[in-house]
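First the structure, in the form of structure tokens, and then the observations on it.
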Amino acid sequence: MDKSKGGALRGRGRTLLGAVTVLAAVVPLAVTGSARADAPAGSGTQWTTQQVAPGVEVRTGTLRDTAAAPSWTVTVKYPSTGRLSGAPVDVEVGPRAWADDTAAKLRTAGFPPRVETVAWPDYADTPHGAMGLRVRVGAYASQAAAQTAANSVAAAGFHAAVAWTGYDAQQPADVENIHIAVIDPRLFHGTVEGTHDGNVAQRETTSSVAAKLRSLVGTNAGFFVTSDSDGVQGTQSGIAAYDGELESMAAGARAALILGGGRHIRIADLTTDATARVAGATYAVQGINRVPGTVRDCGRPGAVPSTLPWQDVTCHEADDLVLFTPAFGANLPGGTVVQAVLDATGSVVSVGARGGRVPAGGSVLQGIGSAAQWLTAHASVGQRVRVDETVRDTAGHRIRLGRGDSIVSAAPTLVKNGRVAIDAATEGTVDPQDLSFGYAWANVRQPRTLAGVDARGRLLLVTVDGRLTGGSEGFTLSEAAHFMRSLGAVQALNLDGGGSTAFTVNGTLVNHTSDATGERPVGDTLQVLPADPGR
């Protein structure tokens with residue numbers, strides 16, 4: 001049965017996630033001893049456990065490796081050109097000929113170098129073996145001393161930057177502060193929901209949303225727009241759905257956490273399609289609740305410079321039709337291209353220049369290029385416009401959204417079918433042809449937020465602090481995947497991280513966020529909510 005949402009009739013059934021798989025094998029959550037199956041010798045853990053509610057347990061741990069000896073150093077960068085941007089970039093690693101030549105020049109200049117081989121992580125879709133060579137100078141007790149040395153190296157004509165070796169995947173981290181929530185749907189009678197707190201065009205801290213909703217546990221969730229130049233801040237840059245309503249389209253086929261009715265949990269790579277229909281005329285909708293022509297993280301047909309997903313890259317479209325829903329609680333993007341305002345039945349009530357707000361109970365279509373021409377030709381006042389949406393996994397199964405269902409998304413997949421399976425290149429987080437792209441994002445330790453499902457169907461929500469907040473260094477993507485697998489995850493994905501990483505218990509922030517300004521206002525969040533007697 002078709003359902004009306006904010007004017008445009010949106011063709012979706014209300015069946016509850018028929019493709020959800022509940023896995024039955026029993027795998028214990030392995031955090032009582034070593035927190036990772038492959039924890040190095042000299043590792044130590046300190047864990048505390050809090051029973052927040054029946055079926056909701058929070059475990060807080062600090063992993064320490066007394067054998068680790070990180071220091072500040074100077075990295076000499078390899079000058080290159082970005083493959084996608086064409087702009088000059090400095091790369092952490094380079095080819096053998098450059099490394100040897102740079103090391104010789106450093107010696108001549110009086111800076112004794114060390115040359116280190118950097119290997120590819122165990123990604124499923126990138127080369128294996130040596131990625132390249134890294135050139136470094138010195139080991140310093142303080143960041144200030146390293147910066148002084150870096151200034152001298154740069155003055156001698158090299159591209160130099162200060163680095164903390166504790167972020168390197170090639171050596172063990174000395175401190176990692178971790179929070180884990182285990183939600184067992186067999187024992188927990190509440191729900192887990194993705195939410196944008198009623199307005200997809202806003203940013204709020206995870207803890208403020210958690211406190212407002214009286215959440216038991218909350219984490220940040222998907223990727224979102226952080227700059228006005230990339231769209232409307234707070235809007236998601238990948239697929240997002242809340243309470244059964246699709247509020248953002250996928251950026252290519254990327255990992256998503258599907259929460260059916262707030263209780264049936266699945267992780268899959270998802271794609272989206274949408275079509276506007278007026279009588280016999282159709283036009284593809286390429287965006288929901290975003291600025292026409294501006295596609296954060298790319299991944300849409302017609303996007304330039306890439307129709308594939310590219311993390312933190314903004315693509316553009318010349319011909320673009322975008323739907324705005326009642327959840328878009330901000331002023332609509334302005335301009336002189338065509339806008340059609342629809343009422344609750346999907347009938348066009350006005351056509352003209354962009355601007356204003358989405359009417360209560362209605363929706364808005366905005367078009368540029370050929371999409372503007374299509375609206376002008378077909379969306380006349382009184383005409384009825386229908387927008388059909390389809391969400392599918394990469395196996396082709398349709399995901400039907402109903403009341404209480406939500407989806408949050410990021411990238412990449414970490415664990416699939418019980419095995420570490422990181423599709424970092426496919427999901428646009430690294431580029432084997434351009435080692436400047438995504439190197440620090442993926443291959444260097446960072447704060448991370450992770451979600452997984454174990455073989456008993458329990459949801460695992462995990463954060464690791466990073467960037468030396470509380471001394472913690474974070475995870476690489478590979479470390480994140482192996483950590484989730486060590487917890488028993490049979491499916492897992494990486495959510496938004498860095499300064500966005502936040503973990504709350506009973507509405508209070510409990511981790512150390514990494515932004516100097518404090519907890520970052522984010523887009524959507526995941527909230528573990530107690531049972532509502534009124535539902």
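By order of appearance in the structure tokens: chains A, B, ..., then residues from 1 within every chain, and ligands from 1 in the order shown.
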All residues 8 Å or closer to stretch 172-187 of chain A, only C-alpha atoms, same chain fewer than 4 positions away omitted, as a ChimeraX atom specification
/A:40,54-70,166-168,217,263-264,457-466,470-474,503,511
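Counting only C-alpha atoms and comparing A:Leu332, A:Val337, A:Ile422, A:Met484, the residue that lies closest to A:Pro359 is A:Leu332.
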Might you pull out every residue within 12 Å of A:Ala480, with only C-alpha atoms counted and same-chain residues fewer than 6 positions away left off, and present them as an MDAnalysis selection string?
chainID A and resid 35:36 121:122 169 176 178 412:415 420:422 442:452 462:465 474 486:487 489 492:495 497
Please produce a file of those selected residues containing C-alpha atoms, as a PDB file, in the first residue's frame.
ATOM      1  CA  ALA A  35      40.140  -7.062  24.704  1.00  0.00           C
ATOM      2  CA  ARG A  36      41.428  -8.324  21.366  1.00  0.00           C
ATOM      3  CA  PRO A 121      46.269  -2.985   5.895  1.00  0.00           C
ATOM      4  CA  ASP A 122      44.232  -6.144   5.402  1.00  0.00           C
ATOM      5  CA  ALA A 169      49.595   1.049  12.739  1.00  0.00           C
ATOM      6  CA  GLU A 176      43.052   3.033  24.191  1.00  0.00           C
ATOM      7  CA  ILE A 178      36.892   2.132  25.010  1.00  0.00           C
ATOM      8  CA  PRO A 412      33.077   1.129   5.380  1.00  0.00           C
ATOM      9  CA  THR A 413      31.918  -2.384   6.220  1.00  0.00           C
ATOM     10  CA  LEU A 414      34.298  -3.932   8.769  1.00  0.00           C
ATOM     11  CA  VAL A 415      32.999  -7.464   9.378  1.00  0.00           C
ATOM     12  CA  VAL A 420      36.988  -9.248   8.767  1.00  0.00           C
ATOM     13  CA  ALA A 421      36.028  -7.829   5.355  1.00  0.00           C
ATOM     14  CA  ILE A 422      36.943  -4.135   5.015  1.00  0.00           C
ATOM     15  CA  ALA A 442      41.655   5.126   7.462  1.00  0.00           C
ATOM     16  CA  ASN A 443      45.212   3.974   8.130  1.00  0.00           C
ATOM     17  CA  VAL A 444      46.093   6.159  11.127  1.00  0.00           C
ATOM     18  CA  ARG A 445      44.625   5.720  14.606  1.00  0.00           C
ATOM     19  CA  GLN A 446      41.600   7.957  15.117  1.00  0.00           C
ATOM     20  CA  PRO A 447      38.599   8.194  17.439  1.00  0.00           C
ATOM     21  CA  ARG A 448      36.021   5.737  16.090  1.00  0.00           C
ATOM     22  CA  THR A 449      32.353   4.879  16.579  1.00  0.00           C
ATOM     23  CA  LEU A 450      31.444   1.335  15.554  1.00  0.00           C
ATOM     24  CA  ALA A 451      28.318  -0.800  15.389  1.00  0.00           C
ATOM     25  CA  GLY A 452      28.015  -4.555  15.068  1.00  0.00           C
ATOM     26  CA  VAL A 462      31.481   0.785  20.520  1.00  0.00           C
ATOM     27  CA  THR A 463      33.538   3.952  20.800  1.00  0.00           C
ATOM     28  CA  VAL A 464      37.274   4.391  21.188  1.00  0.00           C
ATOM     29  CA  ASP A 465      38.677   7.776  22.138  1.00  0.00           C
ATOM     30  CA  GLY A 474      42.221   5.350  18.794  1.00  0.00           C
ATOM     31  CA  SER A 486      37.074 -10.149  18.893  1.00  0.00           C
ATOM     32  CA  LEU A 487      33.818  -9.067  20.548  1.00  0.00           C
ATOM     33  CA  ALA A 489      30.577  -9.448  15.846  1.00  0.00           C
ATOM     34  CA  ALA A 492      30.035  -4.617  11.743  1.00  0.00           C
ATOM     35  CA  LEU A 493      30.469  -1.185  10.193  1.00  0.00           C
ATOM     36  CA  ASN A 494      32.357   2.005  10.857  1.00  0.00           C
ATOM     37  CA  LEU A 495      30.183   4.999  11.789  1.00  0.00           C
ATOM     38  CA  GLY A 497      34.246   9.183  14.042  1.00  0.00           C
TER      39      GLY A 497
END
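Every protein, DNA or RNA residue with an atom at most 7 Å from stretch 390-392 of chain A, where only C-alpha atoms count and chain neighbours fewer than 3 positions away do not, is listed here: Leu270, Thr271, Thr272, Asp273, Ala274, Gly396, His397, Arg398 and Ile399 of chain A.
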Which of A:Ala130, A:Ala424, A:Leu342, A:Leu321 sits closest to A:Gly369 [using only C-alpha atoms]:
A:Leu321
Find the residues around stretch 362-364 of chain A up to 6 Å (only C-alpha atoms counted), leave out those fewer than 6 positions away in its own chain, and share them as number ranges by chain.
A: 6-7, 323-325, 340-344
Run DSSP on the backbone and give me the residues of stretch 50-237 of chain A it puts in strand (DSSP E or B), as number ranges by chain.
A: 50-53, 56-65, 72-76, 78-81, 88-91, 94, 113-119, 130-140, 160-164, 175-183, 191-195, 204, 217-220, 224, 236
Go ahead and save the residues from that selection, with C-alpha atoms, as a JSON list (two decimals), in the first residue's frame.
[["chain", "number", "residue", "atom", "x", "y", "z"],
["A", 50, "GLN", "CA", 27.24, -1.30, 34.36],
["A", 51, "GLN", "CA", 23.81, -2.89, 33.95],
["A", 52, "VAL", "CA", 21.87, 0.09, 32.62],
["A", 53, "ALA", "CA", 18.61, -1.84, 32.14],
["A", 56, "VAL", "CA", 21.47, -3.28, 28.22],
["A", 57, "GLU", "CA", 25.01, -3.53, 29.55],
["A", 58, "VAL", "CA", 27.80, -0.96, 29.28],
["A", 59, "ARG", "CA", 31.43, -1.98, 29.60],
["A", 60, "THR", "CA", 34.19, 0.59, 29.94],
["A", 61, "GLY", "CA", 37.79, -0.41, 29.41],
["A", 62, "THR", "CA", 41.29, 0.95, 29.10],
["A", 63, "LEU", "CA", 43.77, -1.08, 27.08],
["A", 64, "ARG", "CA", 47.39, -0.46, 27.98],
["A", 65, "ASP", "CA", 50.56, -1.78, 26.42],
["A", 72, "TRP", "CA", 57.00, 12.80, 18.63],
["A", 73, "THR", "CA", 58.81, 12.83, 15.32],
["A", 74, "VAL", "CA", 59.10, 14.68, 12.02],
["A", 75, "THR", "CA", 57.62, 13.11, 8.88],
["A", 76, "VAL", "CA", 58.98, 14.25, 5.53],
["A", 78, "TYR", "CA", 56.18, 13.03, -0.62],
["A", 79, "PRO", "CA", 54.93, 15.86, -2.90],
["A", 80, "SER", "CA", 52.29, 14.58, -5.31],
["A", 81, "THR", "CA", 49.03, 15.51, -7.06],
["A", 88, "PRO", "CA", 49.14, 19.51, -5.06],
["A", 89, "VAL", "CA", 49.13, 17.18, -2.04],
["A", 90, "ASP", "CA", 51.68, 15.92, 0.48],
["A", 91, "VAL", "CA", 51.67, 12.15, 0.96],
["A", 94, "GLY", "CA", 56.19, 7.48, -1.39],
["A", 113, "PRO", "CA", 66.77, 10.09, 8.49],
["A", 114, "ARG", "CA", 65.11, 6.76, 9.04],
["A", 115, "VAL", "CA", 63.23, 5.06, 6.22],
["A", 116, "GLU", "CA", 60.29, 2.84, 7.19],
["A", 117, "THR", "CA", 58.28, 0.44, 5.04],
["A", 118, "VAL", "CA", 54.52, 0.91, 5.39],
["A", 119, "ALA", "CA", 52.36, -2.09, 4.49],
["A", 130, "ALA", "CA", 54.24, -2.75, 0.79],
["A", 131, "MET", "CA", 52.23, 0.44, 0.25],
["A", 132, "GLY", "CA", 55.35, 2.59, 0.13],
["A", 133, "LEU", "CA", 58.12, 4.07, 2.25],
["A", 134, "ARG", "CA", 57.96, 6.75, 4.91],
["A", 135, "VAL", "CA", 60.85, 9.06, 5.75],
["A", 136, "ARG", "CA", 61.22, 10.47, 9.26],
["A", 137, "VAL", "CA", 63.68, 12.46, 11.32],
["A", 138, "GLY", "CA", 64.29, 12.24, 15.07],
["A", 139, "ALA", "CA", 62.40, 11.19, 18.19],
["A", 140, "TYR", "CA", 61.36, 13.95, 20.58],
["A", 160, "ALA", "CA", 57.84, 18.42, 6.90],
["A", 161, "ALA", "CA", 55.13, 17.78, 9.50],
["A", 162, "VAL", "CA", 55.05, 16.79, 13.16],
["A", 163, "ALA", "CA", 53.72, 13.28, 13.90],
["A", 164, "TRP", "CA", 53.00, 11.13, 16.96],
["A", 175, "VAL", "CA", 46.53, 3.57, 25.64],
["A", 176, "GLU", "CA", 43.05, 3.03, 24.19],
["A", 177, "ASN", "CA", 39.94, 4.09, 26.12],
["A", 178, "ILE", "CA", 36.89, 2.13, 25.01],
["A", 179, "HIS", "CA", 33.15, 2.07, 25.74],
["A", 180, "ILE", "CA", 30.98, -0.88, 24.70],
["A", 181, "ALA", "CA", 27.20, -1.17, 24.91],
["A", 182, "VAL", "CA", 25.66, -4.63, 24.48],
["A", 183, "ILE", "CA", 21.93, -4.58, 23.74],
["A", 191, "THR", "CA", 13.97, 0.15, 21.19],
["A", 192, "VAL", "CA", 17.14, 1.28, 19.45],
["A", 193, "GLU", "CA", 16.47, 4.13, 17.05],
["A", 194, "GLY", "CA", 18.30, 6.31, 14.62],
["A", 195, "THR", "CA", 17.05, 9.85, 15.07],
["A", 204, "GLU", "CA", 22.89, 18.78, 18.07],
["A", 217, "VAL", "CA", 22.74, 4.71, 25.85],
["A", 218, "GLY", "CA", 23.49, 7.00, 22.92],
["A", 219, "THR", "CA", 26.20, 7.34, 20.28],
["A", 220, "ASN", "CA", 26.74, 9.54, 17.28],
["A", 224, "PHE", "CA", 26.79, 14.59, 7.83],
["A", 236, "GLN", "CA", 23.21, 13.47, 6.24]]
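Comparing A:Pro432, A:Gly352, A:Gly129, A:Gly438 by their smallest distance to A:Leu365, the closest is A:Gly352 (using only C-alpha atoms).
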Do you know which residues are at most 10 Å from A:Thr294 counting only C-alpha atoms, after dropping those on the same chain fewer than 3 positions away, and could you put them as a list in words?
Ser229, Asp230, Gly231, Val232, Gly287, Arg290, Val291, Asp297, Cys298, Ala303, Val304, Thr314, Cys315, His316, Glu317, Ala318 and Asp320 of chain A
For those residues, write N, CA and C atoms to a file as an mmCIF file, in the first residue's frame.
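Wrote it out as part.cif, contents follow:
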data_model
loop_
_atom_site.group_PDB
_atom_site.id
_atom_site.type_symbol
_atom_site.label_atom_id
_atom_site.label_comp_id
_atom_site.auth_asym_id
_atom_site.auth_seq_id
_atom_site.Cartn_x
_atom_site.Cartn_y
_atom_site.Cartn_z
ATOM 1 N N SER A 229 29.557 25.416 2.727
ATOM 2 C CA SER A 229 29.992 25.281 1.330
ATOM 3 C C SER A 229 29.685 23.903 0.766
ATOM 4 N N ASP A 230 29.362 22.942 1.633
ATOM 5 C CA ASP A 230 29.084 21.578 1.185
ATOM 6 C C ASP A 230 27.606 21.222 1.259
ATOM 7 N N GLY A 231 26.763 22.193 1.598
ATOM 8 C CA GLY A 231 25.332 21.932 1.707
ATOM 9 C C GLY A 231 24.771 22.545 2.966
ATOM 10 N N VAL A 232 23.674 21.984 3.447
ATOM 11 C CA VAL A 232 23.032 22.466 4.676
ATOM 12 C C VAL A 232 23.596 21.685 5.849
ATOM 13 N N GLY A 287 18.269 13.338 -4.896
ATOM 14 C CA GLY A 287 18.576 13.782 -3.546
ATOM 15 C C GLY A 287 17.324 14.009 -2.728
ATOM 16 N N ARG A 290 18.713 17.955 0.497
ATOM 17 C CA ARG A 290 20.051 18.515 0.294
ATOM 18 C C ARG A 290 19.976 19.621 -0.756
ATOM 19 N N VAL A 291 21.031 20.416 -0.862
ATOM 20 C CA VAL A 291 21.074 21.510 -1.830
ATOM 21 C C VAL A 291 21.169 20.940 -3.242
ATOM 22 N N ASP A 297 30.034 13.620 -0.391
ATOM 23 C CA ASP A 297 30.481 12.227 -0.471
ATOM 24 C C ASP A 297 30.159 11.572 -1.806
ATOM 25 N N CYS A 298 29.649 12.364 -2.767
ATOM 26 C CA CYS A 298 29.448 11.894 -4.154
ATOM 27 C C CYS A 298 28.547 10.653 -4.195
ATOM 28 N N ALA A 303 26.943 12.696 -10.930
ATOM 29 C CA ALA A 303 27.798 13.527 -10.087
ATOM 30 C C ALA A 303 29.182 13.676 -10.707
ATOM 31 N N VAL A 304 29.747 14.863 -10.562
ATOM 32 C CA VAL A 304 31.079 15.195 -11.080
ATOM 33 C C VAL A 304 31.914 15.716 -9.913
ATOM 34 N N THR A 314 33.049 16.762 -2.043
ATOM 35 C CA THR A 314 31.771 17.298 -2.511
ATOM 36 C C THR A 314 31.737 17.290 -4.027
ATOM 37 N N CYS A 315 30.789 16.544 -4.581
ATOM 38 C CA CYS A 315 30.577 16.500 -6.022
ATOM 39 C C CYS A 315 29.438 17.447 -6.405
ATOM 40 N N HIS A 316 29.255 17.614 -7.706
ATOM 41 C CA HIS A 316 28.227 18.533 -8.201
ATOM 42 C C HIS A 316 27.460 17.890 -9.349
ATOM 43 N N GLU A 317 26.211 18.325 -9.491
ATOM 44 C CA GLU A 317 25.354 17.851 -10.586
ATOM 45 C C GLU A 317 24.749 19.052 -11.290
ATOM 46 N N ALA A 318 24.764 19.022 -12.616
ATOM 47 C CA ALA A 318 24.178 20.121 -13.386
ATOM 48 C C ALA A 318 22.675 19.952 -13.545
ATOM 49 N N ASP A 320 19.581 18.217 -11.648
ATOM 50 C CA ASP A 320 19.366 17.608 -10.338
ATOM 51 C C ASP A 320 17.970 17.919 -9.823
#
Within 6 Å of stretch 377-386 of chain A, counting only C-alpha atoms, which residues qualify if same-chain residues fewer than 3 places away don't, as number ranges by chain?
A: 8-9, 276-278, 346-350, 374
Okay, now the selection with N, CA, C and O atoms, as a PDB file, in the first residue's frame?
ATOM      1  N   ALA A   8       4.174  14.590  -1.563  1.00  0.00           N
ATOM      2  CA  ALA A   8       4.431  13.629  -2.627  1.00  0.00           C
ATOM      3  C   ALA A   8       4.092  12.241  -2.124  1.00  0.00           C
ATOM      4  O   ALA A   8       4.553  11.824  -1.079  1.00  0.00           O
ATOM      5  N   LEU A   9       3.257  11.513  -2.860  1.00  0.00           N
ATOM      6  CA  LEU A   9       2.919  10.161  -2.450  1.00  0.00           C
ATOM      7  C   LEU A   9       4.117   9.275  -2.707  1.00  0.00           C
ATOM      8  O   LEU A   9       4.635   9.217  -3.819  1.00  0.00           O
ATOM      9  N   ALA A 276      10.166  10.790  -9.562  1.00  0.00           N
ATOM     10  CA  ALA A 276       8.982  11.650  -9.538  1.00  0.00           C
ATOM     11  C   ALA A 276       8.129  11.334 -10.759  1.00  0.00           C
ATOM     12  O   ALA A 276       8.645  11.207 -11.877  1.00  0.00           O
ATOM     13  N   ARG A 277       6.809  11.229 -10.542  1.00  0.00           N
ATOM     14  CA  ARG A 277       5.888  10.869 -11.629  1.00  0.00           C
ATOM     15  C   ARG A 277       4.732  11.867 -11.679  1.00  0.00           C
ATOM     16  O   ARG A 277       4.097  12.142 -10.663  1.00  0.00           O
ATOM     17  N   VAL A 278       4.483  12.362 -12.880  1.00  0.00           N
ATOM     18  CA  VAL A 278       3.314  13.199 -13.146  1.00  0.00           C
ATOM     19  C   VAL A 278       2.637  12.624 -14.372  1.00  0.00           C
ATOM     20  O   VAL A 278       3.197  12.682 -15.474  1.00  0.00           O
ATOM     21  N   GLY A 346      -0.107  15.504  -2.506  1.00  0.00           N
ATOM     22  CA  GLY A 346       0.817  15.458  -3.624  1.00  0.00           C
ATOM     23  C   GLY A 346       0.455  16.399  -4.745  1.00  0.00           C
ATOM     24  O   GLY A 346       1.106  16.407  -5.786  1.00  0.00           O
ATOM     25  N   SER A 347      -0.575  17.212  -4.554  1.00  0.00           N
ATOM     26  CA  SER A 347      -0.979  18.161  -5.581  1.00  0.00           C
ATOM     27  C   SER A 347      -0.108  19.411  -5.532  1.00  0.00           C
ATOM     28  O   SER A 347       0.224  19.916  -4.451  1.00  0.00           O
ATOM     29  N   VAL A 348       0.242  19.925  -6.711  1.00  0.00           N
ATOM     30  CA  VAL A 348       1.074  21.119  -6.808  1.00  0.00           C
ATOM     31  C   VAL A 348       0.230  22.339  -6.449  1.00  0.00           C
ATOM     32  O   VAL A 348      -0.831  22.568  -7.033  1.00  0.00           O
ATOM     33  N   VAL A 349       0.717  23.120  -5.478  1.00  0.00           N
ATOM     34  CA  VAL A 349       0.001  24.341  -5.084  1.00  0.00           C
ATOM     35  C   VAL A 349       0.697  25.594  -5.591  1.00  0.00           C
ATOM     36  O   VAL A 349       0.081  26.653  -5.685  1.00  0.00           O
ATOM     37  N   SER A 350       1.985  25.494  -5.935  1.00  0.00           N
ATOM     38  CA  SER A 350       2.677  26.640  -6.519  1.00  0.00           C
ATOM     39  C   SER A 350       3.930  26.174  -7.229  1.00  0.00           C
ATOM     40  O   SER A 350       4.522  25.151  -6.874  1.00  0.00           O
ATOM     41  N   TRP A 374      11.917  19.979 -16.583  1.00  0.00           N
ATOM     42  CA  TRP A 374      10.884  18.945 -16.401  1.00  0.00           C
ATOM     43  C   TRP A 374       9.791  19.436 -15.452  1.00  0.00           C
ATOM     44  O   TRP A 374       8.604  19.244 -15.717  1.00  0.00           O
TER      45      TRP A 374
END
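Each of A:Ser409, A:Ser370, A:Thr307, A:Thr513 was compared to A:Gly238 using only C-alpha atoms, and A:Ser409 turns out to be the nearest.
Nearest to A:Gly110 of all the residues A:Tyr283, A:Gly244, A:Ala481, A:Ser152 is A:Ser152, based on only C-alpha atoms.
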